[in-house]
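Trainee: Structure file work12.cif (mmCIF, C-alpha atoms and all ligand atoms) right here:
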```cif
data_structure
#
loop_
_atom_site.label_atom_id
_atom_site.label_comp_id
_atom_site.auth_asym_id
_atom_site.auth_seq_id
_atom_site.Cartn_x
_atom_site.Cartn_y
_atom_site.Cartn_z
CA MET W 795 -2.88 21.48 -8.85
CA HIS W 796 -2.36 18.79 -6.25
CA GLY W 797 -4.66 15.82 -5.77
CA LEU W 798 -4.45 16.58 -2.05
CA ALA W 799 -7.77 15.23 -0.83
CA GLN W 800 -7.23 11.87 -2.50
CA GLU W 801 -3.95 11.45 -0.64
CA LEU W 802 -5.45 11.69 2.84
CA ASN W 803 -8.85 11.10 4.32
CA ARG W 804 -10.08 12.25 7.69
CA VAL W 805 -10.91 8.81 9.10
CA GLY W 806 -7.57 7.37 7.99
CA VAL W 807 -5.69 10.31 9.53
CA ALA W 808 -7.63 10.04 12.82
CA SER W 809 -6.87 6.33 13.14
CA ALA W 810 -3.21 6.88 12.21
CA TYR W 811 -2.89 9.37 15.08
CA ASP W 812 -4.86 7.13 17.45
CA ARG W 813 -2.13 4.57 16.77
CA TRP W 814 0.63 7.15 17.30
CA ALA W 815 -0.84 8.37 20.63
CA PRO W 816 1.01 6.03 23.04
CA ILE W 817 4.44 6.95 21.66
CA TYR W 818 3.76 10.35 20.07
CA ASP W 819 5.54 12.48 22.70
CA LEU W 820 8.57 10.23 22.66
CA VAL W 821 8.92 10.30 18.88
CA PHE W 822 7.74 13.82 18.01
CA GLY W 823 8.35 15.66 21.29
CA PRO W 824 12.00 16.68 20.91
CA VAL W 825 12.02 17.01 17.11
CA PHE W 826 9.36 19.76 17.02
CA LYS W 827 10.23 21.38 20.36
CA ARG W 828 11.89 24.52 18.99
CA GLY W 829 9.20 24.96 16.35
CA ARG W 830 6.47 24.75 18.98
CA ARG W 831 8.30 27.33 21.12
CA ALA W 832 8.47 29.69 18.13
CA ALA W 833 4.74 29.21 17.40
CA ILE W 834 3.72 29.82 21.00
CA ASP W 835 5.92 32.94 21.21
CA ALA W 836 4.25 34.25 18.03
CA ALA W 837 0.77 33.45 19.38
CA GLU W 838 1.48 35.25 22.61
CA THR W 839 2.41 38.48 20.88
CA VAL W 840 -1.39 38.73 20.61
CA GLY W 841 -2.43 36.42 23.49
CA GLY W 842 -5.95 36.21 24.90
CA ARG W 843 -8.31 33.50 23.71
CA ILE W 844 -6.34 30.97 21.70
CA LEU W 845 -7.65 28.02 19.69
CA GLU W 846 -5.09 25.29 19.15
CA VAL W 847 -6.22 23.12 16.24
CA GLY W 848 -4.71 19.62 16.16
CA VAL W 849 -3.69 19.95 19.80
CA GLY W 850 -2.81 16.25 19.82
CA THR W 851 -1.44 15.02 23.16
CA GLY W 852 -1.43 18.62 24.43
CA ILE W 853 2.34 18.69 24.38
CA SER W 854 2.44 22.46 23.90
CA LEU W 855 -0.22 23.33 26.51
CA PRO W 856 2.09 23.76 29.53
CA HIS W 857 4.12 26.32 27.59
CA TYR W 858 1.42 28.96 27.11
CA ARG W 859 1.31 31.81 29.61
CA ALA W 860 -1.07 31.30 32.53
CA GLU W 861 -3.10 34.36 31.41
CA SER W 862 -3.87 32.87 27.99
CA ARG W 863 -7.13 30.95 27.67
CA ILE W 864 -6.70 27.90 25.51
CA THR W 865 -9.18 25.70 23.69
CA GLY W 866 -7.70 22.61 22.04
CA ILE W 867 -9.37 20.47 19.40
CA ASP W 868 -8.30 17.39 17.46
CA ILE W 869 -9.88 14.58 15.45
CA ALA W 870 -8.03 11.75 17.20
CA ASP W 871 -9.66 10.57 20.44
CA GLN W 872 -6.61 8.76 21.78
CA MET W 873 -4.46 11.85 21.31
CA LEU W 874 -7.06 13.92 23.17
CA ASP W 875 -7.12 11.43 26.06
CA LYS W 876 -3.44 12.17 26.51
CA ALA W 877 -4.12 15.91 26.36
CA ARG W 878 -6.89 15.69 28.98
CA ASP W 879 -4.64 13.63 31.22
CA ARG W 880 -1.86 16.22 30.85
CA VAL W 881 -4.24 19.08 31.73
CA ARG W 882 -5.37 17.21 34.87
CA ARG W 883 -1.92 16.06 35.94
CA LEU W 884 -0.25 19.44 35.48
CA LYS W 885 -3.30 21.44 36.67
CA LEU W 886 -3.28 23.59 33.55
CA ASN W 887 -5.99 26.02 34.60
CA HIS W 888 -5.45 28.18 31.52
CA VAL W 889 -6.83 25.35 29.35
CA GLU W 890 -10.56 26.00 29.13
CA ARG W 891 -11.53 23.14 26.90
CA ILE W 892 -10.29 20.06 25.07
CA ALA W 893 -12.72 18.65 22.51
CA ILE W 894 -13.08 16.59 19.38
CA GLY W 895 -13.23 18.82 16.32
CA ASP W 896 -12.31 18.97 12.66
CA ALA W 897 -10.04 21.72 11.32
CA GLU W 898 -12.14 21.83 8.15
CA ALA W 899 -15.44 22.46 9.97
CA LEU W 900 -14.80 24.34 13.19
CA ASP W 901 -17.74 24.39 15.56
CA PHE W 902 -17.18 27.97 16.74
CA ASP W 903 -18.76 31.31 15.97
CA ASP W 904 -17.07 33.79 13.64
CA ALA W 905 -14.36 35.90 15.31
CA SER W 906 -14.39 33.77 18.49
CA PHE W 907 -10.64 33.79 19.07
CA ASP W 908 -7.75 36.23 19.25
CA VAL W 909 -5.37 33.61 17.83
CA VAL W 910 -5.64 30.30 16.01
CA VAL W 911 -2.58 28.07 16.34
CA ALA W 912 -2.01 25.00 14.15
CA GLN W 913 1.25 23.18 14.77
CA TYR W 914 2.21 20.42 12.32
CA VAL W 915 -1.45 19.95 11.36
CA VAL W 916 -2.27 21.70 8.09
CA SER W 917 -0.32 19.17 6.02
CA ALA W 918 -2.36 16.38 7.66
CA VAL W 919 -5.83 17.59 6.65
CA PRO W 920 -7.44 16.44 3.39
CA HIS W 921 -8.38 19.99 2.25
CA PRO W 922 -5.84 22.44 3.72
CA ASP W 923 -7.49 25.45 2.05
CA ARG W 924 -10.81 24.67 3.80
CA ALA W 925 -8.99 24.47 7.14
CA LEU W 926 -7.22 27.79 6.49
CA SER W 927 -10.54 29.46 5.64
CA GLU W 928 -12.02 28.12 8.86
CA PHE W 929 -9.07 29.54 10.83
CA LEU W 930 -9.68 32.91 9.18
CA ARG W 931 -13.40 32.78 9.96
CA VAL W 932 -13.01 32.08 13.69
CA VAL W 933 -10.18 34.54 14.35
CA ARG W 934 -11.18 38.14 15.09
CA PRO W 935 -10.19 41.02 12.84
CA GLY W 936 -6.71 42.04 13.97
CA GLY W 937 -6.11 38.55 15.37
CA MET W 938 -3.49 36.10 14.17
CA ILE W 939 -3.24 32.66 12.59
CA VAL W 940 0.01 30.96 13.63
CA ILE W 941 1.05 27.88 11.70
CA ALA W 942 4.04 25.61 12.15
CA THR W 943 4.08 23.65 8.94
CA ARG W 944 5.95 21.30 6.77
CA LEU W 945 6.96 23.01 3.51
CA GLY W 946 8.14 20.72 0.77
CA ALA W 947 10.50 21.64 -2.02
CA GLU W 948 8.87 23.12 -5.13
CA ALA W 949 11.17 21.40 -7.62
CA GLY W 950 14.35 19.37 -8.00
CA MET W 951 15.54 16.14 -6.42
CA ARG W 952 14.11 16.87 -2.96
CA ALA W 953 10.67 17.53 -4.46
CA ARG W 954 10.83 14.25 -6.39
CA ILE W 955 11.80 12.31 -3.27
CA GLU W 956 9.02 13.97 -1.26
CA ARG W 957 6.49 13.04 -3.93
CA ALA W 958 7.78 9.47 -4.03
CA LEU W 959 7.41 9.17 -0.24
CA MET W 960 3.77 10.28 -0.26
CA PRO W 961 2.20 6.79 -0.41
CA ILE W 962 4.10 5.86 2.76
CA THR W 963 3.75 9.09 4.76
CA SER W 964 0.03 9.51 3.96
CA ARG W 965 -0.55 6.16 5.72
CA LEU W 966 1.38 7.52 8.72
CA GLY W 967 -0.87 10.61 8.81
CA TRP W 968 0.89 13.42 6.94
CA ARG W 969 2.17 14.64 3.59
CA THR W 970 5.78 15.14 2.60
CA ASP W 971 4.79 16.84 -0.67
CA PHE W 972 3.42 20.17 0.60
CA PRO W 973 4.54 23.21 -1.39
CA TRP W 974 4.28 26.86 -0.32
CA SER W 975 1.77 27.46 -3.14
CA ILE W 976 -0.92 25.83 -0.94
CA TYR W 977 -0.60 28.82 1.41
CA GLY W 978 0.25 31.35 -1.28
CA ASP W 979 -2.73 30.45 -3.50
CA TRP W 980 -5.10 30.45 -0.54
CA ALA W 981 -3.85 33.87 0.63
CA ALA W 982 -4.27 35.26 -2.89
CA ARG W 983 -7.94 34.21 -2.80
CA ASN W 984 -8.40 35.60 0.75
CA PRO W 985 -7.05 39.16 0.87
CA GLN W 986 -8.22 39.48 4.50
CA ALA W 987 -5.33 37.14 5.37
CA GLU W 988 -2.14 39.21 5.47
CA LEU W 989 1.08 37.23 5.56
CA VAL W 990 3.13 38.72 8.41
CA GLU W 991 5.78 36.04 8.89
CA ARG W 992 7.34 33.16 7.01
CA ARG W 993 10.60 31.73 8.31
CA PRO W 994 12.28 28.33 8.45
CA LEU W 995 12.12 26.31 11.65
CA PRO W 996 14.42 23.55 12.81
CA PRO W 997 14.96 20.72 12.09
CA LEU W 998 16.68 20.98 8.69
CA GLY W 999 14.53 23.83 7.37
CA HIS W 1000 11.85 21.37 6.16
CA PHE W 1001 9.36 23.19 8.39
CA SER W 1002 8.37 26.84 8.65
CA LEU W 1003 6.55 29.27 10.86
CA VAL W 1004 3.84 30.99 8.83
CA CYS W 1005 1.69 33.73 10.37
CA PHE W 1006 -1.29 35.55 8.88
CA ARG W 1007 -3.03 38.52 10.45
CA ARG W 1008 -6.73 38.86 9.76
CA ALA W 1009 -7.20 42.35 8.42
CA ALA W 1010 -10.06 44.39 9.80
CA ALA W 1011 -12.81 44.99 7.24
CA ALA W 1012 -13.23 48.61 6.12
CA GLY W 1013 -14.67 50.71 8.93
CA GLN W 1014 -14.10 47.92 11.47
CA ASP W 1015 -11.84 48.19 14.54
CA ASN W 1016 -9.59 45.39 15.68
CA HIS W 1017 -11.84 44.69 18.64
CA PRO W 1018 -11.00 41.94 21.11
CA THR W 1019 -13.01 38.75 20.81
CA PRO W 1020 -16.52 38.55 22.21
CA ALA W 1021 -17.21 35.88 24.84
CA LEU W 1022 -16.91 32.41 23.38
CA GLY W 1023 -20.36 31.47 22.23
CA ALA W 1024 -20.15 28.16 20.40
CA THR W 1025 -19.50 24.63 21.40
CA ALA W 1026 -17.17 21.99 20.04
C1 LIG Q 1101 1.73 15.84 13.75
S1 LIG Q 1101 0.44 15.90 14.92
C2 LIG Q 1101 0.76 17.47 15.73
C3 LIG Q 1101 0.26 17.49 17.15
C4 LIG Q 1101 0.68 18.72 17.95
N1 LIG Q 1101 0.09 19.92 17.37
C5 LIG Q 1101 2.17 18.85 18.05
O1 LIG Q 1101 2.69 19.96 17.92
O2 LIG Q 1101 2.83 17.86 18.30
C6 LIG Q 1101 -1.00 16.29 13.95
C7 LIG Q 1101 -2.25 16.37 14.77
O3 LIG Q 1101 -3.28 16.91 13.97
C8 LIG Q 1101 -4.47 16.17 14.17
N2 LIG Q 1101 -5.33 16.33 13.00
C9 LIG Q 1101 -5.16 15.79 11.78
N3 LIG Q 1101 -6.17 16.16 10.97
C10 LIG Q 1101 -6.99 16.95 11.70
C11 LIG Q 1101 -8.21 17.64 11.42
N4 LIG Q 1101 -8.79 17.56 10.22
N5 LIG Q 1101 -8.77 18.35 12.40
C12 LIG Q 1101 -8.20 18.42 13.64
N6 LIG Q 1101 -7.05 17.80 13.96
C13 LIG Q 1101 -6.45 17.07 13.00
C14 LIG Q 1101 -3.97 14.73 14.38
O4 LIG Q 1101 -4.93 13.91 14.99
C15 LIG Q 1101 -2.74 15.00 15.24
O5 LIG Q 1101 -3.04 15.03 16.61
#
```
Taking this structure as input, can you express it in the form of structure tokens?
Mentor:
Amino acid sequence: MHGLAQELNRVGVASAYDRWAPIYDLVFGPVFKRGRRAAIDAAETVGGRILEVGVGTGISLPHYRAESRITGIDIADQMLDKARDRVRRLKLNHVERIAIGDAEALDFDDASFDVVVAQYVVSAVPHPDRALSEFLRVVRPGGMIVIATRLGAEAGMRARIERALMPITSRLGWRTDFPWSIYGDWAARNPQAELVERRPLPPLGHFSLVCFRRAAAAGQDNHPTPALGATA
């Protein structure tokens, strides 16, 4: 079992990303571009009301279809300032809301969204399994959780290097040591989460697209989401 929570803490991660905010798009824009495209395409196979967790500077917001209705949350204020500015500048009318919020304690009602998207975020939260359970709670039955994620090696030289880098990368705001078992073990404990996709993303196959569908409970239809009732 990983000592995940000890490696990162929420306040440290938020201030790391506040520091990244002025140059984030320059540094991480191109490198994750194809992965973001793949995540958005997956999200829009369902469409509708979409929650983007860890929306950051809002770099992906212009790429959703105009008919989608997007809520974006993040813990880093300076990143969100950039996102708000982008929404204003580009007149992104499909973005309903940008707000401070924690992936591990989402301030939304159950089944509020058709899709939850988390791009390059889950490996940055102290308790990834809590965040995944929150995603599952707020997505409607039949809806989808779309995750672009770092996946570290399970064993061998690459795994050893990733573990050795952890003290450095955790100060920068993410983990390098992030094995598939974090998702696999969580899914085994949450049978409502059905793995529907897992495939490598560029660059270098160190990242993957991972999608879970929330199964409908017995006797339940895959109804569309009710009107958004909670606040963030
Ligand atoms: C690597 S950036 C990814 C940003 C954006 N999704 C993208 O594709 O470029 C990680 C983002 O997750 C946010 N984040 C980290 N921990 C979080 C948490 N517990 N709740 C919400 N957002 C979080 C960070 O502030 C940062 O904006």
Trainee: When you draw a straight line from atom CA of W:Leu926 to atom N2 of ligand LIG 1101 (chain Q), how long is it in Å?
Mentor: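 These two atoms are separated by 13.3 Å.
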Trainee: Please identify all polymer residues within 9 Å of W:Ser809, counting all atoms listed in the file, omitting same-chain residues fewer than 3 positions from it, and present them as a list in words.
Mentor: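 Non-adjacent residues within range: Arg804, Val805, Gly806, Asp812, Arg813, Trp814, Ala870, Asp871, Gln872 and Gly967 of chain W.
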Trainee: Counting all atoms listed in the file, what are the residues, protein, DNA or RNA alike, that approach ligand LIG 1101 (chain Q) to within 7 Å? I want them as JSON, numbers by chain.
Mentor: {"W": [804, 807, 808, 811, 822, 823, 826, 830, 847, 848, 849, 850, 851, 852, 853, 854, 867, 868, 869, 870, 873, 895, 896, 897, 898, 912, 913, 914, 915, 918, 919]}
Trainee: Between atom CA of W:Tyr977 and atom CA of W:Thr865, measure the distance and give it in Å to one decimal.
Mentor: 24.1 Å
Trainee: Using Å and a single decimal, report how far atom CA of W:Asn984 sits from atom CA of W:Asn803.
Mentor: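 Distance between the two atoms: 24.8 Å.
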Trainee: So, counting all atoms listed in the file, which residue among W:Leu855, W:Leu820, W:Ala1010, W:Val825 is closest to W:Lys885?
Mentor: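 Smallest distance to W:Lys885 is found for W:Leu855.
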Trainee: Using all atoms listed in the file for the distances, tell me which of W:Leu886, W:Asp923, W:Leu945, W:Asp904 is nearest to W:Ala981.
Mentor: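 Using all atoms listed in the file, the shortest distance to W:Ala981 belongs to W:Asp923.
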Trainee: Using only C-alpha atoms, which of the listed residues (W:Ser975, W:Ser927, W:Ser917, W:Asn887) sits closest to W:Ile864?
Mentor: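 Counting only C-alpha atoms, the residue closest to W:Ile864 is W:Asn887.
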Trainee: For W:Tyr818, which residue among W:Lys876, W:His857, W:Arg983, W:Arg882 is the nearest when counting all atoms listed in the file?
Mentor: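 Nearest to W:Tyr818: W:Lys876.
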Trainee: Could you pull the residues within 10 Å of W:Pro994, counting all atoms listed in the file, minus those fewer than 4 positions along the same chain, as a PyMOL selection string?
Mentor: chain W and resi 829+942-945+998-1004
Trainee: May I have the residues from that selection written out with C-alpha atoms, as a CSV table (one decimal), in the frame of the given file?
Mentor:
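Done, and the output landed in selection-v3.csv:
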```
chain,number,residue,atom,x,y,z
W,829,GLY,CA,9.2,25.0,16.4
W,942,ALA,CA,4.0,25.6,12.2
W,943,THR,CA,4.1,23.6,8.9
W,944,ARG,CA,6.0,21.3,6.8
W,945,LEU,CA,7.0,23.0,3.5
W,998,LEU,CA,16.7,21.0,8.7
W,999,GLY,CA,14.5,23.8,7.4
W,1000,HIS,CA,11.8,21.4,6.2
W,1001,PHE,CA,9.4,23.2,8.4
W,1002,SER,CA,8.4,26.8,8.6
W,1003,LEU,CA,6.6,29.3,10.9
W,1004,VAL,CA,3.8,31.0,8.8
```
Trainee: When you count only C-alpha atoms, which of these residues is closest to W:Pro922: W:Ala877, W:Ala899, W:Ala905, W:Ile834?
Mentor: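 Checking each candidate against W:Pro922, we get W:Ala899 as the closest.
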Trainee: Starting from the point (1.7, 32.1, 15.7), work out which residues of protein, DNA or RNA have an atom no more than 6 Å away when counting all atoms listed in the file; state them as number ranges by chain.
Mentor: W: 833, 836-837, 911, 939-941, 1005
Trainee: With C-alpha atoms as the atom set, please write stretch 838-912 of chain W from the structure just given, as a PDB file, in the first residue's frame.
Mentor:
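New file result_30.pdb:
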```pdb
ATOM      1  CA  GLU W 838     -18.736  14.212 -25.398  1.00  0.00           C
ATOM      2  CA  THR W 839     -19.840  10.711 -26.305  1.00  0.00           C
ATOM      3  CA  VAL W 840     -22.193  11.347 -23.358  1.00  0.00           C
ATOM      4  CA  GLY W 841     -22.231  15.180 -23.336  1.00  0.00           C
ATOM      5  CA  GLY W 842     -24.704  17.279 -21.358  1.00  0.00           C
ATOM      6  CA  ARG W 843     -23.752  18.642 -17.957  1.00  0.00           C
ATOM      7  CA  ILE W 844     -20.035  18.150 -17.452  1.00  0.00           C
ATOM      8  CA  LEU W 845     -17.976  18.762 -14.307  1.00  0.00           C
ATOM      9  CA  GLU W 846     -14.297  19.341 -14.979  1.00  0.00           C
ATOM     10  CA  VAL W 847     -12.360  18.760 -11.772  1.00  0.00           C
ATOM     11  CA  GLY W 848      -8.935  20.421 -11.621  1.00  0.00           C
ATOM     12  CA  VAL W 849      -9.896  22.700 -14.500  1.00  0.00           C
ATOM     13  CA  GLY W 850      -6.740  24.729 -13.870  1.00  0.00           C
ATOM     14  CA  THR W 851      -6.272  27.630 -16.296  1.00  0.00           C
ATOM     15  CA  GLY W 852      -9.293  26.407 -18.277  1.00  0.00           C
ATOM     16  CA  ILE W 853      -7.064  25.342 -21.133  1.00  0.00           C
ATOM     17  CA  SER W 854      -9.525  22.678 -22.286  1.00  0.00           C
ATOM     18  CA  LEU W 855     -12.687  24.806 -22.006  1.00  0.00           C
ATOM     19  CA  PRO W 856     -12.719  26.212 -25.566  1.00  0.00           C
ATOM     20  CA  HIS W 857     -12.615  22.675 -26.949  1.00  0.00           C
ATOM     21  CA  TYR W 858     -15.941  21.417 -25.577  1.00  0.00           C
ATOM     22  CA  ARG W 859     -18.954  21.610 -27.877  1.00  0.00           C
ATOM     23  CA  ALA W 860     -21.077  24.731 -27.485  1.00  0.00           C
ATOM     24  CA  GLU W 861     -24.064  22.562 -26.419  1.00  0.00           C
ATOM     25  CA  SER W 862     -22.211  21.089 -23.434  1.00  0.00           C
ATOM     26  CA  ARG W 863     -22.678  22.856 -20.108  1.00  0.00           C
ATOM     27  CA  ILE W 864     -19.453  22.971 -18.172  1.00  0.00           C
ATOM     28  CA  THR W 865     -18.702  23.572 -14.512  1.00  0.00           C
ATOM     29  CA  GLY W 866     -15.012  23.817 -13.638  1.00  0.00           C
ATOM     30  CA  ILE W 867     -13.514  23.555 -10.165  1.00  0.00           C
ATOM     31  CA  ASP W 868      -9.969  23.687  -8.826  1.00  0.00           C
ATOM     32  CA  ILE W 869      -8.176  24.278  -5.527  1.00  0.00           C
ATOM     33  CA  ALA W 870      -5.697  26.836  -6.881  1.00  0.00           C
ATOM     34  CA  ASP W 871      -7.017  30.402  -6.997  1.00  0.00           C
ATOM     35  CA  GLN W 872      -4.396  31.723  -9.398  1.00  0.00           C
ATOM     36  CA  MET W 873      -5.140  28.931 -11.871  1.00  0.00           C
ATOM     37  CA  LEU W 874      -8.849  29.763 -11.656  1.00  0.00           C
ATOM     38  CA  ASP W 875      -8.169  33.455 -12.304  1.00  0.00           C
ATOM     39  CA  LYS W 876      -6.663  32.394 -15.608  1.00  0.00           C
ATOM     40  CA  ALA W 877      -9.683  30.190 -16.333  1.00  0.00           C
ATOM     41  CA  ARG W 878     -12.136  33.018 -15.589  1.00  0.00           C
ATOM     42  CA  ASP W 879     -10.150  35.362 -17.786  1.00  0.00           C
ATOM     43  CA  ARG W 880     -10.200  32.797 -20.611  1.00  0.00           C
ATOM     44  CA  VAL W 881     -13.977  32.351 -20.306  1.00  0.00           C
ATOM     45  CA  ARG W 882     -14.475  36.136 -20.509  1.00  0.00           C
ATOM     46  CA  ARG W 883     -11.984  36.737 -23.297  1.00  0.00           C
ATOM     47  CA  LEU W 884     -13.226  33.915 -25.514  1.00  0.00           C
ATOM     48  CA  LYS W 885     -16.907  34.394 -24.556  1.00  0.00           C
ATOM     49  CA  LEU W 886     -17.283  30.739 -23.629  1.00  0.00           C
ATOM     50  CA  ASN W 887     -21.017  30.758 -23.014  1.00  0.00           C
ATOM     51  CA  HIS W 888     -21.109  26.992 -22.509  1.00  0.00           C
ATOM     52  CA  VAL W 889     -19.126  27.436 -19.269  1.00  0.00           C
ATOM     53  CA  GLU W 890     -21.741  27.837 -16.547  1.00  0.00           C
ATOM     54  CA  ARG W 891     -19.468  28.146 -13.581  1.00  0.00           C
ATOM     55  CA  ILE W 892     -15.853  28.313 -12.424  1.00  0.00           C
ATOM     56  CA  ALA W 893     -15.368  27.864  -8.681  1.00  0.00           C
ATOM     57  CA  ILE W 894     -12.970  26.850  -5.968  1.00  0.00           C
ATOM     58  CA  GLY W 895     -13.523  23.237  -4.973  1.00  0.00           C
ATOM     59  CA  ASP W 896     -11.740  20.155  -3.720  1.00  0.00           C
ATOM     60  CA  ALA W 897     -11.851  16.897  -5.683  1.00  0.00           C
ATOM     61  CA  GLU W 898     -12.020  14.984  -2.392  1.00  0.00           C
ATOM     62  CA  ALA W 899     -15.111  16.831  -1.110  1.00  0.00           C
ATOM     63  CA  LEU W 900     -17.248  17.943  -4.029  1.00  0.00           C
ATOM     64  CA  ASP W 901     -19.910  20.464  -3.114  1.00  0.00           C
ATOM     65  CA  PHE W 902     -22.560  19.037  -5.453  1.00  0.00           C
ATOM     66  CA  ASP W 903     -25.604  16.849  -5.019  1.00  0.00           C
ATOM     67  CA  ASP W 904     -25.510  13.159  -5.911  1.00  0.00           C
ATOM     68  CA  ALA W 905     -25.997  12.433  -9.628  1.00  0.00           C
ATOM     69  CA  SER W 906     -25.666  16.125 -10.586  1.00  0.00           C
ATOM     70  CA  PHE W 907     -23.646  15.578 -13.748  1.00  0.00           C
ATOM     71  CA  ASP W 908     -23.721  13.487 -16.905  1.00  0.00           C
ATOM     72  CA  VAL W 909     -19.917  13.382 -17.005  1.00  0.00           C
ATOM     73  CA  VAL W 910     -17.048  14.092 -14.629  1.00  0.00           C
ATOM     74  CA  VAL W 911     -13.745  14.891 -16.337  1.00  0.00           C
ATOM     75  CA  ALA W 912     -10.418  14.952 -14.489  1.00  0.00           C
TER      76      ALA W 912
END
```
